[in-house]
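**Student:** My structure is below; once you've seen it, I'll send some questions.
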Amino acid sequence: MRLQRSLGSCAVGIVIACASLHMVGQTSGYDLPPKNILDVMRAPLPPVPVVSPTKDKMLLVVWQLYPSIARVATPYLRLAGVRVEPKNHSKHDTPGGYGITECATSFDLATIPGGAPVHVALPEPSCPQEPVWAADGKKFAFANIAVDSVELWIGDAATGAVHRVDGVRLNPMFGAEMQWMPDQKALLVKLVPDGMGGPPPEPVVPIGPAIQETGGQTGQSSTYENRDTLGNKHDEDLFDYYAASQLALVNAGTGAITPVGKAANLDDVSAAPDGQHILVSAIHKPYSYVTTYDRFPHEVEVWDISDRAGVTKHTIASLPLADRVPIRGVALGPREFEWRPTDPATLVWAEALDKGDWNVEVPKRDKVMLQKAPFTSPAVEVVQTEQRYSGIDWSERPSVALVYEYDNNKHMRHALIVDFDDPQEKPRQIWDLSSDEHYADPGMPVTMQLANGFQVMRQDGDWIYLSGIGSSPEGDRPFLDRFDVKTLTYERLFRSDKTSYDRFLSFTGPDTRKFLTWEQSPMDPPNAYERTLGKHVDAPAGEAMFASTRVAITHIPDPSPEVRAIKKRLVKYKRADGMDLSFTLYTPPGYKEGTRIPAILYAYPEDYADPSKAGQVTGSEERFTQLYQYRLLLLAGYAIIDDASFPIVGDPKKAYDTYTEQLVADAKAAVDEAVLLGVADPNRIGVTGHSHGALMTVNLVAHSDLFRAGVATSGSYNKTLTPFGFQNEQRSVWEAPDVYMKVSPFFYADKLKTPLLIVHGAEDANPGTIPLQSIRLYEALRGNGGTARLVLLPHEPHWYSAMESNEQLIYEMLRWFDKYVKNAPPK
């Protein structure tokens with residue numbers, strides 16, 4: 001397997017696209033948008049809070065929004081769904097290939113309830129990852145991607161001083177490379193094994209053909225770009241070389257390293273609450289050339305490390321190759337393993353009862369199993385779920401656990417109270433909601449960290465606490481509730497007011513009247529506050545039952561004051577069939593009310609089974625205004641019709657039968673409302689979207705005359721290339737060929753005459769949006785006399801990462817919309 005390098009010179013398969021692009025004058029180099037846009041793009045992001053488990057400190061982490069193209073262009077290997085940089089054994093991008101692995105640029109250590117933060121001196125040059133607190137709040141640890149290795153660093157919470165642990169080379173290929181042990185004195189790590197030597201050399205002469213064979217069995221799988229799956233024996237050897245990890249314990253005080261067991265291709269690892277047992281999932285052959293590593297055979301074991309003379313292993317499951325799992329289905333056998341936090345060593349997992357297939361009609365889809373140390377007795381069944389099991393929230397109290405399940409066919413979600421100590425106790429359902437329901441969403445349980453490091457629900461008597469975003473017809477208003485698990489009644493403790501966006505972070509201690517929030521408004525950047533609940537007040541339904549006061553913990557300045565001149569408002573309107581819709585309307589600096597200006601519509605279609613949920617308002621106009629991608633065009637005088645509701649409503653099994661008609665109806669309603677408000681010039685409106693939104697964009701310019709131009713980024717335009725389903729379409733192309741053809745604008749290229757800018761990341765690994773989708777659409781438009789421009793961004797994944805790439809994107813969007821929208825002649 002060759003290292004993936006630049007696409008600056010056209011690779012095989014995109015020569016036509018690159019040549020055509022060059023013919024219209026784009027030869028080489030990156031272009032820049034105007035300075036006022038550059039200044040905003042290059043400003044730092046506001047920090048993100050990471051609160052200590054003891055609630056007396058918080059780390060304020062600033063993430064790098066746009067790394068350099070040099071960082072993004074680092075050579076890497078594609079190995080069964082993981083992209084590995086061989087120089088330092090790091091992961092090149094996030095899971096699924098959606099973006100480059102992020103780096104923090106600064107840590108500041110803030111004290112609660114107040115005081116000047118202490119700046120943490122990070123290593124240089126560095127790429128620190130997210131810090132992880134020890135449960136006792138005395139230390140924090142983080143991985144750092146250095147030039148030749150991934151290092152382990154440990155920080156002191158009292159002083160903010162950090163140091164590297166010598167001799168540690170982490171292997172983050174499959175994640176779980178670093179975690180605190182339950183005693184909080186050591187870390188469990190996955191290391192690059194010593195003495196590995198160099199990687200297997202690529203054969204100069206091929207050792208043979210790549211062969212795949214099927215024996216008449218049915219079985220679907222996602223359509224991965226073949227460069228991201230294994231392809232030959234050499235790829236397999238490389239996978240084994242980079243996947244190999246040595247499990248070890250690192251003493252956080254002395255830095256001493258103690259190996260645990262032998263090196264293997266370790267996937268998930270996690271220590272039990274007793275610190276004596278470790279769940280280990282190891283990958284082994286035979287491998288597949290059509291799917292990714294998570295479907296490879298796994299040996300799941302519990303390692304008993306209590307005897308320092310050696311490791312005792314107990315096999316929990318031997319999982320075979322699962323390369324024929326139905327789309328949106330699950331593999332057969334045990335899955336989703338986790339430790340029960342309040343037991344020394346009790347393992348819990350789920351198993352499918354429906355062959356892992358949503359289409360199979362069964363009374364129960366999954367069963368939840370439990371097995372205790374010493375793992376010599378058979379596992380016992382705790383509960384069966386009617387729909388697909390999707391996780392557990394544990395409580396401090398053994399008799400209370402929330403088990404979640406999800407119905408993909410009906411878009412429903414359920415939560416059950418289950419007593420894991422008494423299987424005879426009948427589970428009680430507490431929530432039964434549409435997964436599309438926002439207004440009645442109860443939120444998620446507030447958790448606390450036990451001394452052993454495990455998270456459990458905060459519980460006082462029969463009360464648990466719930467925190468949610470609080471969607472409402474007026475927009476999101478985050479809340480904190482308490483919920484009685486016996487009577488199933490709620491009390492609202494706190495709700496963000498209507499002039500800010502204030503979300504719950506955590507309680508500050510045992511007293512649940514005191515808690516931290518993260519508050520922002522359109523004019524004020526996010527900052528941490530300590531809130532104290534006061535006396536009970538008479539409040540309307542849905543509002544807080546207690547008054548509260550607040551004290552500022554942080555004082556973070558505005559990184560881009562020039563953006564505050566932008567105004568925004570929530571706009572609600574109806575589709576022609578009466579369905580409620582909404583968008584956020586942004587107007588540029590200096591905008592005078594009543595003036596019609598060019599506008600850009602951005603949306604991402606969502607699928608709904610229940611039409612009553614499709615029009616619910618989400619998002620908030622009270623968030624701190626930040627500009628990314630298309631929103632940066634506000635600084636060039638455009639209005640932005642942002643996050644317009646684009647529901648596709650119908651039976652999930654056939655909603656895409658009317659996809660195109662609903663898209664056009666959604667767009668017409670949004671455009672008509674923006675024009676009615678006196679803001680958008682009806683003759684100067686463009687449209688843009690990313691991924692599934694790019695498919696929307698091209699379909700709208702193909703099937704309507706609402707827009708003067710479109711910009712489609714990283715889309716999928718020929719759905720026959722993903723023949724086993726897309727989004728929530730569950731039928732295959734052989735079951736619904738007309739639907740696949742109708743939703744694919746590639747087949748309407750001969751009729752598409754609206755100017756279209758097509759942008760794609762050249763290294764997009766998202767199965768549905770491989771770069772070939774954009775290349776073929778451009779070729780079709782060019783061959784049929786359309787007006788189009790194709791921009792392939794070298795090295796970029798599904799979401800564009802590099803500063804240079806994003807500057808080029810804004811340059812291209814501005815150039816295209818200025819030419820074909822702002823300065824377009826009358827229709």
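Identifiers for the structure tokens are assigned positionally: chains receive A, B, ... in sequence, residues are indexed from 1 per chain, and ligands are indexed from 1 in the order shown.
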Find the residues near Arg328 in chain A: any atom within 9 Å, counting only C-alpha atoms, skip ones fewer than 4 places away on the same chain, and give them as a list of chain:residue names.
**Tutor:**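 These residues fall inside the cut-off: A:Gly356, A:Asp357, A:Trp358, A:Asn408, A:Gln730.
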**Student:** Selection from above, C-alpha atoms, as a short mmCIF file (atom, residue, chain, number, x, y, z; two decimals), in the first residue's frame, can you write it?
**Tutor:**
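Result saved to result.cif:
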```
data_model
loop_
_atom_site.label_atom_id
_atom_site.label_comp_id
_atom_site.auth_asym_id
_atom_site.auth_seq_id
_atom_site.Cartn_x
_atom_site.Cartn_y
_atom_site.Cartn_z
CA GLY A 356 -29.26 -8.34 13.61
CA ASP A 357 -31.73 -7.35 10.90
CA TRP A 358 -34.33 -4.57 11.29
CA ASN A 408 -35.34 2.35 13.43
CA GLN A 730 -33.84 1.14 3.41
#
```
**Student:** Quick one: residues within 9 Å of Leu633 in chain A, only C-alpha atoms, excluding same-chain residues fewer than 4 positions away - as a PyMOL selection string?
**Tutor:** chain A and resi 37+588+600+627+629+637-640+810+813-814
**Student:** CA of Lys719 in chain A and CA of Gly215 in chain A are how many Å apart?
**Tutor:**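 Here the two named atoms are 26.3 Å from each other.
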**Student:** Which residues are near Val733 in chain A? Cut-off 12 Å, only C-alpha atoms, ignore same chain within fewer than 2 positions. Put them as a list in words.
**Tutor:**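 Non-adjacent residues within range: Asn718, Lys719, Thr720, Leu721, Thr722, Pro723, Phe724, Gly725, Phe726, Glu729, Gln730, Arg731, Glu735, Ala736, Pro737, Asp738, Val739, Tyr740, Met741, Lys742, Val743 and Ser744 of chain A.
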**Student:** List the spatial neighbours of range 450-452 of chain A as number ranges by chain - criterion: any atom at most 8 Å away, only C-alpha atoms, same-chain residues fewer than 6 positions off excluded.
**Tutor:** A: 135-136, 181-184, 273
**Student:** Next, write the just-selected residues to a file, as a JSON list (two decimals), in the first residue's frame, keeping C-alpha atoms as the atom set.
**Tutor:**
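Listed below is the output, out_27.json:
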```json
[["chain", "number", "residue", "atom", "x", "y", "z"],
["A", 135, "ALA", "CA", -11.35, 10.98, 39.50],
["A", 136, "ASP", "CA", -9.67, 12.51, 42.57],
["A", 181, "MET", "CA", -7.10, 2.93, 36.44],
["A", 182, "PRO", "CA", -9.70, 2.74, 39.24],
["A", 183, "ASP", "CA", -7.10, 3.55, 41.93],
["A", 184, "GLN", "CA", -6.34, 6.82, 40.07],
["A", 273, "PRO", "CA", -13.97, -1.14, 38.89]]
```
**Student:** So which residues touch Pro123 in chain A within 12 Å, counting only C-alpha atoms, skipping near sequence neighbours fewer than 3 positions away, as an mmCIF file with N, CA, C and O atoms, in the first residue's frame?
**Tutor:**
```cif
data_model
loop_
_atom_site.group_PDB
_atom_site.id
_atom_site.type_symbol
_atom_site.label_atom_id
_atom_site.label_comp_id
_atom_site.auth_asym_id
_atom_site.auth_seq_id
_atom_site.Cartn_x
_atom_site.Cartn_y
_atom_site.Cartn_z
ATOM 1 N N ALA A 104 -5.261 20.752 20.270
ATOM 2 C CA ALA A 104 -5.507 21.896 21.152
ATOM 3 C C ALA A 104 -4.358 22.883 20.995
ATOM 4 O O ALA A 104 -3.214 22.495 20.745
ATOM 5 N N THR A 105 -4.670 24.164 21.141
ATOM 6 C CA THR A 105 -3.621 25.183 21.061
ATOM 7 C C THR A 105 -3.255 25.742 22.429
ATOM 8 O O THR A 105 -2.178 26.308 22.601
ATOM 9 N N SER A 106 -4.168 25.583 23.409
ATOM 10 C CA SER A 106 -3.838 26.068 24.753
ATOM 11 C C SER A 106 -4.736 25.413 25.789
ATOM 12 O O SER A 106 -5.879 25.054 25.502
ATOM 13 N N PHE A 107 -4.176 25.255 26.999
ATOM 14 C CA PHE A 107 -4.927 24.872 28.188
ATOM 15 C C PHE A 107 -4.762 25.987 29.209
ATOM 16 O O PHE A 107 -3.642 26.481 29.412
ATOM 17 N N VAL A 120 -1.300 26.787 31.190
ATOM 18 C CA VAL A 120 -0.549 25.539 31.183
ATOM 19 C C VAL A 120 0.454 25.588 30.031
ATOM 20 O O VAL A 120 0.066 25.815 28.873
ATOM 21 N N SER A 126 3.601 20.824 19.240
ATOM 22 C CA SER A 126 2.732 19.848 19.885
ATOM 23 C C SER A 126 1.375 19.783 19.202
ATOM 24 O O SER A 126 0.984 20.672 18.458
ATOM 25 N N CYS A 127 0.682 18.698 19.491
ATOM 26 C CA CYS A 127 -0.709 18.533 19.088
ATOM 27 C C CYS A 127 -1.416 17.832 20.241
ATOM 28 O O CYS A 127 -1.726 16.637 20.171
ATOM 29 N N PRO A 128 -1.672 18.560 21.347
ATOM 30 C CA PRO A 128 -2.320 17.936 22.503
ATOM 31 C C PRO A 128 -3.744 17.508 22.183
ATOM 32 O O PRO A 128 -4.472 18.190 21.472
ATOM 33 N N GLN A 129 -4.135 16.370 22.736
ATOM 34 C CA GLN A 129 -5.492 15.875 22.608
ATOM 35 C C GLN A 129 -6.289 16.257 23.859
ATOM 36 O O GLN A 129 -5.781 16.909 24.761
ATOM 37 N N PHE A 142 -3.064 13.682 29.128
ATOM 38 C CA PHE A 142 -3.447 13.874 27.734
ATOM 39 C C PHE A 142 -2.394 13.270 26.817
ATOM 40 O O PHE A 142 -1.214 13.173 27.178
ATOM 41 N N ALA A 143 -2.863 12.829 25.659
ATOM 42 C CA ALA A 143 -1.946 12.374 24.625
ATOM 43 C C ALA A 143 -1.475 13.577 23.826
ATOM 44 O O ALA A 143 -2.222 14.540 23.628
ATOM 45 N N ASN A 144 -0.243 13.514 23.380
ATOM 46 C CA ASN A 144 0.320 14.586 22.553
ATOM 47 C C ASN A 144 0.937 13.972 21.308
ATOM 48 O O ASN A 144 1.809 13.099 21.398
ATOM 49 N N ILE A 145 0.456 14.413 20.143
ATOM 50 C CA ILE A 145 0.988 13.900 18.880
ATOM 51 C C ILE A 145 2.245 14.681 18.541
ATOM 52 O O ILE A 145 2.190 15.855 18.152
ATOM 53 N N ALA A 146 3.385 14.047 18.751
ATOM 54 C CA ALA A 146 4.680 14.664 18.475
ATOM 55 C C ALA A 146 5.164 14.246 17.086
ATOM 56 O O ALA A 146 4.477 13.529 16.358
ATOM 57 N N VAL A 147 6.369 14.681 16.742
ATOM 58 C CA VAL A 147 6.873 14.436 15.393
ATOM 59 C C VAL A 147 7.061 12.949 15.126
ATOM 60 O O VAL A 147 6.694 12.442 14.061
ATOM 61 N N GLU A 151 2.807 10.815 22.498
ATOM 62 C CA GLU A 151 3.350 10.815 23.853
ATOM 63 C C GLU A 151 2.232 10.837 24.895
ATOM 64 O O GLU A 151 1.091 11.227 24.618
ATOM 65 N N LEU A 152 2.583 10.466 26.116
ATOM 66 C CA LEU A 152 1.702 10.595 27.271
ATOM 67 C C LEU A 152 2.228 11.710 28.163
ATOM 68 O O LEU A 152 3.403 11.698 28.559
ATOM 69 N N TRP A 153 1.356 12.675 28.470
ATOM 70 C CA TRP A 153 1.703 13.777 29.353
ATOM 71 C C TRP A 153 0.759 13.773 30.552
ATOM 72 O O TRP A 153 -0.422 13.418 30.419
ATOM 73 N N ILE A 154 1.278 14.177 31.707
ATOM 74 C CA ILE A 154 0.491 14.244 32.933
ATOM 75 C C ILE A 154 0.638 15.629 33.537
ATOM 76 O O ILE A 154 1.743 16.185 33.586
ATOM 77 N N GLY A 155 -0.493 16.198 33.974
ATOM 78 C CA GLY A 155 -0.487 17.531 34.559
ATOM 79 C C GLY A 155 -0.889 17.514 36.022
ATOM 80 O O GLY A 155 -1.645 16.638 36.464
ATOM 81 N N ALA A 161 1.465 22.502 36.175
ATOM 82 C CA ALA A 161 2.694 21.999 35.552
ATOM 83 C C ALA A 161 2.413 20.659 34.869
ATOM 84 O O ALA A 161 1.677 19.823 35.397
ATOM 85 N N VAL A 162 2.999 20.457 33.689
ATOM 86 C CA VAL A 162 2.828 19.210 32.955
ATOM 87 C C VAL A 162 4.192 18.621 32.623
ATOM 88 O O VAL A 162 5.183 19.340 32.505
ATOM 89 N N HIS A 163 4.242 17.296 32.492
ATOM 90 C CA HIS A 163 5.490 16.645 32.105
ATOM 91 C C HIS A 163 5.196 15.434 31.245
ATOM 92 O O HIS A 163 4.132 14.816 31.348
ATOM 93 N N ARG A 164 6.144 15.100 30.392
ATOM 94 C CA ARG A 164 6.027 13.928 29.530
ATOM 95 C C ARG A 164 6.502 12.697 30.292
ATOM 96 O O ARG A 164 7.457 12.771 31.073
#
```
**Student:** Find the spatial neighbours of Ala667 in chain A, counting only C-alpha atoms, within a cut-off of 10 Å - ignore same-chain residues fewer than 5 positions away - and output them as a VMD selection string.
**Tutor:** chain A and resid 575 601 to 603 644 to 646 662 672 to 673 687 696 to 697 700 704 706 to 707
**Student:** Quick one: everything within 12 Å of Asn699 in chain A, counting only C-alpha atoms, minus sequence neighbours fewer than 3 positions away in the same chain. Send it as a PyMOL selection string.
**Tutor:** chain A and resi 605+659-664+667+687-689+692-696+702-707+710-712+715-718+741-749+751-754+756
**Student:** Using only C-alpha atoms, can you tell me which of A:Leu279, A:Val165, A:Ala317, A:Ala765 comes closest to Trp339 in chain A?
**Tutor:**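 Distance minimum relative to Trp339 in chain A lands on A:Leu279.
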**Student:** Report as JSON lines: every residue of range 267-332 of chain A with an atom at most 12 Å from range 236-241 of chain A, its closest pair of atoms, and their distance in Å to one decimal, counting only C-alpha atoms, with rows sorted by chain and ascending residue number.
**Tutor:**
```
{"residue": "A:Ala282", "atom": "CA", "partner": "A:Asp240", "partner_atom": "CA", "distance": 11.4}
{"residue": "A:Ile283", "atom": "CA", "partner": "A:Asp240", "partner_atom": "CA", "distance": 9.2}
{"residue": "A:His284", "atom": "CA", "partner": "A:Asp240", "partner_atom": "CA", "distance": 8.7}
{"residue": "A:Lys285", "atom": "CA", "partner": "A:Glu236", "partner_atom": "CA", "distance": 9.0}
{"residue": "A:Pro286", "atom": "CA", "partner": "A:Glu236", "partner_atom": "CA", "distance": 9.6}
{"residue": "A:Tyr287", "atom": "CA", "partner": "A:Glu236", "partner_atom": "CA", "distance": 7.6}
{"residue": "A:Ser288", "atom": "CA", "partner": "A:Glu236", "partner_atom": "CA", "distance": 9.4}
{"residue": "A:Tyr289", "atom": "CA", "partner": "A:Glu236", "partner_atom": "CA", "distance": 9.5}
{"residue": "A:Thr292", "atom": "CA", "partner": "A:Phe239", "partner_atom": "CA", "distance": 11.3}
{"residue": "A:Tyr293", "atom": "CA", "partner": "A:Phe239", "partner_atom": "CA", "distance": 9.4}
{"residue": "A:Phe296", "atom": "CA", "partner": "A:Phe239", "partner_atom": "CA", "distance": 11.8}
```
**Student:** Give me, please, the distance in Å between CA of Asp818 in chain A and CA of Phe583 in chain A, quoted to one decimal.
**Tutor:** 23.2 Å
**Student:** Mind the document's chain letters and residue numbers, and return as a ChimeraX atom specification the residues of range 476-516 of chain A that DSSP labels strand (DSSP E or B).
**Tutor:** /A:479-484,490-495,501-507,514-516
**Student:** Determine the nearest neighbour of Arg503 in chain A from the options A:Lys313, A:Lys653, A:Arg623, A:His536, counting only C-alpha atoms.
**Tutor:**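 Nearest to Arg503 in chain A: A:Arg623.
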**Student:** Against range 617-622 of chain A, which residues of range 486-554 of chain A fall within 12 Å? For each one I want the closest pair of atoms and the distance in Å (one decimal), counting only C-alpha atoms, rows by chain and increasing residue number, as a Markdown table.
**Tutor:**
```
| residue | atom | partner | partner_atom | distance |
| --- | --- | --- | --- | --- |
| A:Ser496 | CA | A:Glu622 | CA | 10.3 |
| A:Asp497 | CA | A:Glu622 | CA | 9.8 |
| A:Lys498 | CA | A:Glu622 | CA | 7.8 |
| A:Thr499 | CA | A:Glu622 | CA | 6.2 |
| A:Ser500 | CA | A:Glu622 | CA | 5.0 |
| A:Tyr501 | CA | A:Glu622 | CA | 5.5 |
| A:Asp502 | CA | A:Glu622 | CA | 9.3 |
| A:Arg503 | CA | A:Glu622 | CA | 11.9 |
| A:Glu519 | CA | A:Glu622 | CA | 10.0 |
| A:Gln520 | CA | A:Glu622 | CA | 7.4 |
| A:Ser521 | CA | A:Glu622 | CA | 4.9 |
| A:Pro522 | CA | A:Glu622 | CA | 5.4 |
| A:Met523 | CA | A:Glu622 | CA | 8.8 |
| A:Asp524 | CA | A:Glu622 | CA | 9.7 |
| A:Pro525 | CA | A:Glu622 | CA | 11.0 |
| A:Pro526 | CA | A:Glu622 | CA | 11.3 |
```
**Student:** In Å, how far is it from CA of Glu381 in chain A to CA of Lys367 in chain A?
**Tutor:**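 Going from CA of Glu381 in chain A over to CA of Lys367 in chain A covers 6.8 Å.
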**Student:** Where does DSSP see helix (DSSP H, G or I) in range 124-252 of chain A, if you list the residues as an MDAnalysis selection string?
**Tutor:** chainID A and resid 226:228 233:243
**Student:** Go ahead and write the selection's residues with C-alpha atoms as a short mmCIF file (atom, residue, chain, number, x, y, z; two decimals), in the first residue's frame.
**Tutor:**
```cif
data_model
loop_
_atom_site.label_atom_id
_atom_site.label_comp_id
_atom_site.auth_asym_id
_atom_site.auth_seq_id
_atom_site.Cartn_x
_atom_site.Cartn_y
_atom_site.Cartn_z
CA ASN A 226 -11.69 0.58 -2.08
CA ARG A 227 -8.61 2.51 -1.05
CA ASP A 228 -9.83 2.50 2.60
CA LYS A 233 -1.59 -9.57 1.42
CA HIS A 234 0.78 -6.63 1.89
CA ASP A 235 -2.08 -4.51 3.25
CA GLU A 236 -2.81 -7.28 5.74
CA ASP A 237 0.81 -7.29 6.86
CA LEU A 238 0.77 -3.51 7.30
CA PHE A 239 -2.46 -3.74 9.26
CA ASP A 240 -0.93 -6.29 11.64
CA TYR A 241 2.20 -4.16 12.04
CA TYR A 242 0.41 -0.92 12.95
CA ALA A 243 -2.45 -2.55 14.90
#
```
**Student:** Identify which of the residues A:Ala252, A:Leu533, A:Ala350, A:Leu635 lies closest to Tyr389 in chain A, counting only C-alpha atoms when measuring atom-to-atom distances.
**Tutor:**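 That would be A:Ala350, the residue with the smallest distance to Tyr389 in chain A.
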